[in-house]
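Asker: Here it is, the structure, as structure tokens.
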Amino acid sequence: MSAEQPDTAPARPDEAPVLRVGTRGSDLALAQSGQIAGRVAGEDRVELVRVRTHGDVDRTSPLAQIGGTGVFVTAVREALLGGEVDAVVHSAKDLPTAPVPGIVMACVPEREDPRDALCARDGLTLETLPRGAKVGTGSPRRAAQLRRARPDLEVVGIRGNVETRLARALGEDADLDAVVLAAAGLLRLGRREVISEFLSPGVLLPAPAQGALAVECAETSAGAWFEPGMRAADHAPTRAAVAAERSLLRTLEAGCSAPVGALGTVSGAGSDGTDDASECPVLTLRGLAISEDGTQVFEGTRSTPVDLADPAALEADAVRLGQDLAADLLDAGAARVLSIAGPSAAGQSTAGPGTAGPGTTGGDAAS
């Protein structure tokens with residue numbers, strides 16, 4: 001792994017400090033890194049440093065085979081720990097749930113739309129796709145829920161960046177009827193027009209932390225000039241939802257081949273920016289584990305009141321909620337569908353700052 005020259009090096013006559021942000025080189029990674037870094041430090045005080053990852057080198061093998069979405073994380077984390085960059089911006093669903101010594105999650109900005117998006121020829125929807133239609137996805141979670149909703153469809157495994165995937169259904173040489181991608185990635189790229197349907201969480205429950213971004217910094221950066229910007233960009237309701245979803249995934253010990261969905265939402269006072277104290281905010285978490293063929297489904301919902309003004313208590317309550325819902329799913333028999341994923345889903349993690357141990361949401365990387 002080696003960091004390349006910055007993509008942007010704006011003139012700084014006043015020699016103001018610059019936030020060096022490590023990022024993958026894909027259009028989506030560059031877009032979301034630039035957007036968030038600009039909010040934290042100001043657009044003229046950001047340098048994007050491209051870092052090549054193993055997941056970028058091997059674009060054809062299934063993600064589960066090459067190590068899950070952790071393959072997109074390791075190299076940028078190494079750049080962070082090596083002092084080559086000050087921060088890294090991840091799609092939060094790409095992050096293994098095990099903590100990494102020396103790294104802290106400094107900021108979780110407000111979430112983009114967490115839903116999955118169907119991008120189909122002729123503006124077709126999931127309901128109007130013809131029998132036997134071919135739908136592409138690289139995600140076991142999406143594939144399983146598609147089979148549950150439409151057993152007649154032919155689900156095809158695909159890899160590649162956003163444009164490569166879209167071309168499989170919408171390009172001149174398209175060989176599929178539709179592809180399913182994360183709505184958030186398409187919206188951040190300004191590609192809303194390719195979405196023929198936003199899929200309801202009742203049909204396709206998103207991956208844990210889908211649509212959210214996570215900014216990581218080294219522990220040694222505490223007190224740095226950009227720390228106030230990190231705090232200002234942090235969004236408590238999103239951080240709570242993401243913590244609960246990742247806690248559920250970690251407790252299930254679900255790895256890169258296990259189809260697991262989760263979505264947390266915060267309702268009540270403060271969740272929409274109001275100061276109405278008459279109602280206590282409530283964090284609700286919905287979770288699902290499903291067999292690869294979509295025939296065995298274990299799902300449930302739990303809620304808990306939360307204090308958005310107390311970060312430590314908020315984190316603890318969110319983590320506990322995820323643990324409790326995971327226990328519900330396991331009590332109902334979810335282990336039967338999780339065990340088919342093999343050792344990677346049984347909590348076997350390896351050393352390193354981004355390896356795909358328990359809780360890696362494989363198959364959903366970047367889109």
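A note on labels: chains of the structure tokens are A, B, ... as shown, every chain counts residues from 1, and ligands are counted from 1 in their shown order.
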What's around region 208-212 of chain A at 6 Å? Count only C-alpha atoms, leave out sequence neighbours fewer than 3 positions away in its own chain, and write the answer as a list of chain:residue names.

Answerer: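 That gives A:Ala92, A:Lys93, A:Arg111, A:Glu112, A:Asp113, A:Pro114, A:Ala184, A:Val242, A:Glu245, A:Arg246, A:Gly261, A:Ala262.
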
Asker: Can you list, as a PyMOL selection string, every protein, DNA or RNA residue that comes within 12 Å of region 166-174 of chain A when you count only C-alpha atoms, leaving out same-chain residues fewer than 5 positions away?

Answerer: chain A and resi 117-124+133-137+156-161+179-182+186+191+193-196+367

Asker: Might you pull out every residue within 8 Å of Val260 (chain A), with only C-alpha atoms counted and same-chain residues fewer than 3 positions away left off, and present them as an MDAnalysis selection string?

Answerer: chainID A and resid 141 207:208 249 254 287:290

Asker: Write out the residues from the selection above, keeping N, CA and C atoms, as a CSV table (one decimal), in the first residue's frame.

Answerer:
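Below is the file selection_16.csv, written as the result:
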chain,number,residue,atom,x,y,z
A,141,ARG,N,-27.1,-10.4,0.9
A,141,ARG,CA,-28.3,-9.9,1.6
A,141,ARG,C,-29.4,-9.5,0.6
A,207,ALA,N,-28.4,-3.1,4.5
A,207,ALA,CA,-27.3,-3.6,5.3
A,207,ALA,C,-27.1,-2.7,6.5
A,208,PRO,N,-26.6,-3.2,7.6
A,208,PRO,CA,-26.3,-2.4,8.8
A,208,PRO,C,-25.3,-1.2,8.4
A,249,LEU,N,-25.1,-6.7,14.3
A,249,LEU,CA,-24.2,-7.5,13.4
A,249,LEU,C,-23.1,-8.2,14.2
A,254,ALA,N,-22.0,-12.3,12.4
A,254,ALA,CA,-22.3,-12.5,11.0
A,254,ALA,C,-21.2,-12.0,10.1
A,287,GLY,N,-34.3,-5.7,12.6
A,287,GLY,CA,-33.2,-6.6,12.1
A,287,GLY,C,-33.7,-7.8,11.5
A,288,LEU,N,-32.9,-8.4,10.6
A,288,LEU,CA,-33.3,-9.6,9.8
A,288,LEU,C,-32.1,-10.4,9.5
A,289,ALA,N,-32.3,-11.7,9.6
A,289,ALA,CA,-31.3,-12.7,9.1
A,289,ALA,C,-32.1,-13.7,8.2
A,290,ILE,N,-31.6,-14.0,7.1
A,290,ILE,CA,-32.3,-14.7,6.0
A,290,ILE,C,-31.4,-15.7,5.3

Asker: Could you check how far CA of Arg131 (chain A) sits from CA of Thr164 (chain A), in Å to one decimal?

Answerer: 24.7 Å

Asker: Check the smallest atom-to-atom distance from each of A:Leu146, A:Ala183, A:Val100, A:Val282 to Val162 (chain A) using only C-alpha atoms, then report the winner.

Answerer: A:Ala183

Asker: Mind running region 179-237 of chain A against region 73-88 of chain A at 12 Å and telling me each contacting residue's nearest atom pair with the distance in Å (one decimal), counting only C-alpha atoms, chain and number ascending, as a Markdown table?

Answerer:
| residue | atom | partner | partner_atom | distance |
| --- | --- | --- | --- | --- |
| A:Leu213 | CA | A:Val88 | CA | 10.3 |
| A:Ala214 | CA | A:Val88 | CA | 8.2 |
| A:Val215 | CA | A:Val88 | CA | 5.6 |
| A:Glu216 | CA | A:Val88 | CA | 5.3 |
| A:Cys217 | CA | A:Ala87 | CA | 4.7 |
| A:Ala218 | CA | A:Leu81 | CA | 6.4 |
| A:Glu219 | CA | A:Leu81 | CA | 9.2 |
| A:Thr220 | CA | A:Leu81 | CA | 9.4 |
| A:Ser221 | CA | A:Asp86 | CA | 7.7 |
| A:Ala222 | CA | A:Asp86 | CA | 11.1 |
| A:Ala224 | CA | A:Asp86 | CA | 9.6 |
| A:Trp225 | CA | A:Asp86 | CA | 10.9 |
| A:Phe226 | CA | A:Asp86 | CA | 9.4 |
| A:Glu227 | CA | A:Ala87 | CA | 10.8 |
| A:Met230 | CA | A:Ala87 | CA | 10.3 |

Asker: Using DSSP on the backbone, list every residue of region 24-141 of chain A that comes out as strand (DSSP E), and give them as a PyMOL selection string.

Answerer: chain A and resi 46-51+87-91+103-107+116-120+134-137

Asker: Considering only C-alpha atoms, return as a list in words whatever protein or nucleic-acid residues lie within 6 Å of Val46 (chain A), sequence-local ones (same chain, fewer than 3 positions apart) excluded.

Answerer: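 That gives Val18, Leu19 and Glu43 of chain A.
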
Asker: When you look at Gly300 (chain A) with a cut-off of 9 Å (counting only C-alpha atoms), what residues show up, excluding the ones that are within fewer than 4 positions of it in the same chain? I need them as a ChimeraX atom specification.

Answerer: /A:285-288,325-326,328-329
